[in-house]
Amino acid sequence: MDGAPSATSDATSAGQMVFEPILEEGVFRFDCSADHRADAYPSLSFADQTVRETPIKPVSFKVPEFVPRFECGYGQQKVEIKFPSGTSFYGTGEASGPLERTGKRIFTWNTDAWGFGPGTTSLYQSHPWVLALLPDGKAFGILADTTRRCEVDLREECTIRIISAAYYPVITFGPFGSPNEVLASLSHAIGTVFMPPKWCLGYQQCRWSYLSADRVLEVARTFREKGIPCDVIWMDIDYMDGFRCFTFDKETFPDPKSMADELHSIGFKAIWMLDPGIKKEDGYFVYESGSKNDVWVLKSDGTPFVGDVWPGPCVFPDYTQERTCSWWSQLVKDFVTNGVDGIWNDMNEPAVFKTVTKTMPDSNIHRGDSNLGGQQNHTFYHNAYGMLMARSTHEGMKMGCPTKRPFVLTRAGFIGSQRYAATWTGDNLSNWEHLHMSLSMVLQLGLSGQPLSGPDIGGFAGNATPKLFGRWMGVSAMFPFSRGHSEKGTTDHEPWSFGEECEEVCRLALLRRSRLIPHLYTLFYFAHTKGSPVAVPTFFAVSFVDPEDQKLRTVENSFLLGPLLVCSSTLSDKGAYELSHAIPNGIWLPFDFGDSHPDLPILYLQGGAILPVGLPYNHVGEANPQDDLILFVALSNDGRAQGVLFEDDGDGYGYTKGEYLLTHYVAEKNSSVVTVKVSKTEGSWKRPTRRLHIHLLLGGYAMVSADCMDGEEVQIIIPSISEMSKLIAASEQEHMKRLETVKAIPDIEKQPGQQGIELSKTPVDLKSGDWSLKLVPWIGGRVISMTHLPSDTQWLHSRVESDGYEEYCGTEYRSAGCTEEYKVVRRDLEQSGEQESICMEGDIGGGLIIQRSISILKNNPNILQFDSSIIARNVGAGSGGFSRLVCLRVHPTFTLLNPTEVVVSFKSIDGSNHEISPESGEQSFEGNLRPNGEWMLVDKCAGLCLINRFELIQVSKCLVHWGSGTVNLELWSEERPVSKETPLRILHSYEVIKAIS
């Protein structure tokens, strides 16, 4: 079973796809033929599967404006759509890299992508979806409705190519008048985001792990003592007894219900992690009940699959079966009685340790129910596994507390997961690049139907600096989901962990968020009921009057929350106020809460909008219905403004029965008087008795104010032109004075120079010709990223602390290069005809240094060259002028984009041919079995070869080591002592070519 109906034939066919209208006007389903339409598997992305199968009669029949072409053969279906010149592409779900996806390629294959980079092609979730913005401002969407591995190729200008196992339908949406209309139509197909409980919109604090209940309560109380808003504390896997799900460590978390009760008493919610890997252990009640109910994923021989995760050997629930879902939901229902307010599903790609693919074998069997696709191998259900787990968890929480809305966070997901769970962007890194990427990742998820998302604030892996953490908190406090999280072994990452200045920035940022929760909650109400997005790119504010005006389409340092424009900085050396931001056309008035700061984003309100906000956060973190309400009013050119506020009890389902209050506020200018009033209301929820504070924005942070009781009409007199000018000038002066006098977060990070660069934690960029590299001098001079630009393929991406490209030396006296501090001793930029190069040195003791020169040659820019040596700089006379015994080991760890489709290929000196696959394990080649001066890493799926050429006389051994999603292609020198005259050297290079089919 490969999940493909009659798709293995070598016969090829091609042509235009056939279509029928479905769902609503402007939505079409395309199939390769009518026969393929009848044979298609059920949709796991559609909220109602029958919608995809039911043609409609359009109001006025229209043929699609864009008709895909297909080509089928060798078990694959290729789909292609071409668009007019000037079209921009977005969407693709959880993807790293830039906001605009034009020129990029992704693979939908849920992957445990720890420490991903901007060129990583598969992350934790799969969204085979592209949003196309046409040159005239209209928008179009395309969904490949398949759960299987899918290539979404946007590298050719104005062309979408989608490749997956045959056969699958393609659903198109539009063109419609705006991207908002496309996203609303998409939501009618895949469903809207679940209505979140209001408390989950507050800031949330997490760590892997808070190791005891005492530590959890200590962190919570510190937030309250310091007056820093926080509403949720998270428990990672260490709360469990030996990583066994649904258990608690009897020593560190002896009474979880009492701990949760104490958290609740000071206004906190508690969220706990559940993984899919269930420890295979007799006597463990979850394993025994699961075995009794026959719920596990099976191997091809029909026995339960066992793979290693945190507890050791584990079995995995098969969520494709209703009986498994019921079993899991019952476990969740019982678990909730421990004071559990929310559940966190992690490792559910599913991640499996000690395997090259990082997941279970393709041959595993899921005994799926017929409405999901029936019994299939793992390739069919892999991408949906995390979503199906989240669905079961969501249902279990509803069973456990029927009067409350479930809150589930999932790492893995599929398009449609938003119906059951929020998401975060995975195990990111504590660096400026990942801060910058977090904006586009949150926006891409929103453009793919998942509005409730955010990153690990401050970065999960590595130690944030005060400025990085404060800046990250400033912008992430404005994201739909706001959670700080960090990896064990890192320094503490609570807001007060980075000094007084950073703590104050975090306090201001989170007070700002607490004020804006009424607005965020309103946005989520409309996201839930109408499918509208929450956080969107800045270009959503533009009515494309000029088709050639595309300046906002690539903006990545600002975004919109309804009519609120957030302008941030993700640069280490400049704050938001030091940057020039691209502002959409129209009126945009700056405002703040008296909290402007060099390390916080700038806020603007769109002309014609009324923004309802709350009072500052109170000590228990709960909304008080008697609290006053504030309206910021920005008039349009015609002197009008409008805004809306949704209110209910913040939880439960009363809003579905009319128990809510939806208030429409309007403002209208008549002569010099602005009247603000309620224009209409919906719902039966009683309006709270509260004061209404109205601030009419004039520009330059100036405003005039008036108060009344909420529901009453109030009039504000606009100052004369001269008075207004004075107010604006005074307000701007006061604003600038504040920015100059508040304490910015100190910059403790040294930036590298061009020559004689000192040790630095900041990655150094090397970019020229076909190659772009990032390396970190301070720890082993490690190359952490190696990207081939023409193919947009990142062959190497690693964490700062391990893997990547490095050298080792020595055996008995081994001193690993990765632990030595390197200095950049020379940096030649591509100026005056020089090549792009960098030279680094690391002291390895005993008068020896490791020296590495990396060059991109000017006369051959497709070649990336490494020249590594162990040099005797100062060897004592008593040694006879020779060093200790050393061996130079070039140790690159390459990332496998397509682990099951990669081999190492070469011809040996003796003429024998070799093709080494991941199943072969570690192999070494010496003597005449060494590659004859070159070997290749071949990615058959990508159609590319990375050729590694070397000087044969310098290399005594070549070694291949397959890791979990990685491979090392190592070059070893001979083992001997060195003198000043006899260094060890390995000169080698890399080039990328197309694979020969």
# chains A, B, ... in the order shown; residues from 1 in each chain; ligands from 1
>>> select_by_dssp(residues="segment 70-106 of chain A", states="strand (DSSP E or B)", output="PyMOL selection string")
chain A and resi 70-73+76-82+88-91+105-106
>>> select_by_dssp(residues="segment 336-441 of chain A", states="helix (DSSP H, G or I)", output="VMD selection string")
chain A and resid 336 378 to 400 417 to 419 432 to 441
>>> residues_around(residues="segment 706-714 of chain A", least_positions_apart="6", cutoff="10 Å", atoms="only C-alpha atoms", output="number ranges by chain")
A: 628-630, 663, 665, 667, 674-679, 687-696
>>> closest_residue(among="A:Ile916, A:Ile266, A:Ile986, A:Leu848", to="His891 of chain A", atoms="only C-alpha atoms")
A:Ile986
>>> closest_residue(among="A:Thr146, A:Ser514, A:Thr357, A:Ser725", to="Val967 of chain A", atoms="only C-alpha atoms")
A:Thr357
>>> closest_residue(among="A:Ser45, A:Ser265, A:Ser291, A:Asn968", to="Gln923 of chain A", atoms="only C-alpha atoms")
A:Asn968
>>> residues_around(residues="Leu600 of chain A", least_positions_apart="3", cutoff="9 Å", atoms="only C-alpha atoms", output="PyMOL selection string")
chain A and resi 470-471+473-475+505+508-509+568-569+575-577+595-597
>>> atom_distance(atom1="atom CA of Cys958 of chain A", atom2="atom CA of Gln865 of chain A")
17.9 Å
>>> closest_atom_pairs(of="segment 66-89 of chain A", to="segment 173-177 of chain A", cutoff="12 Å", atoms="only C-alpha atoms", output="JSON lines")
{"residue": "A:Phe66", "atom": "CA", "partner": "A:Pro175", "partner_atom": "CA", "distance": 8.5}
{"residue": "A:Val67", "atom": "CA", "partner": "A:Gly174", "partner_atom": "CA", "distance": 11.5}
{"residue": "A:Phe83", "atom": "CA", "partner": "A:Pro175", "partner_atom": "CA", "distance": 11.2}
>>> residues_around(residues="Gln733 of chain A", least_positions_apart="5", cutoff="10 Å", atoms="only C-alpha atoms", output="list in words")
Gly700, Tyr701, Leu727, Ile728, Arg738 and Leu739 of chain A
>>> closest_residue(among="A:Asn364, A:Pro480, A:Leu571, A:Cys32", to="Asp301 of chain A", atoms="only C-alpha atoms")
A:Asn364
>>> residues_around(residues="segment 130-143 of chain A", least_positions_apart="6", cutoff="9 Å", atoms="only C-alpha atoms", output="NGL selection string")
:A and (83-93 or 101 or 152 or 158 or 160 or 169-183 or 186 or 447-448 or 542-550 or 553)
>>> residues_around(residues="segment 907-913 of chain A", least_positions_apart="2", cutoff="8 Å", atoms="only C-alpha atoms", output="number ranges by chain")
A: 905, 915, 928-932, 935
>>> closest_residue(among="A:Tyr655, A:Trp344, A:Tyr284, A:Phe223", to="Ser497 of chain A", atoms="only C-alpha atoms")
A:Phe223
>>> closest_residue(among="A:Asp638, A:Glu901, A:Asp843, A:Glu922", to="Asn874 of chain A", atoms="only C-alpha atoms")
A:Asp843
>>> atom_distance(atom1="atom CA of Ser258 of chain A", atom2="atom CA of Ala270 of chain A")
11.6 Å
>>> atom_distance(atom1="atom CA of His797 of chain A", atom2="atom CA of Gly462 of chain A")
15.2 Å
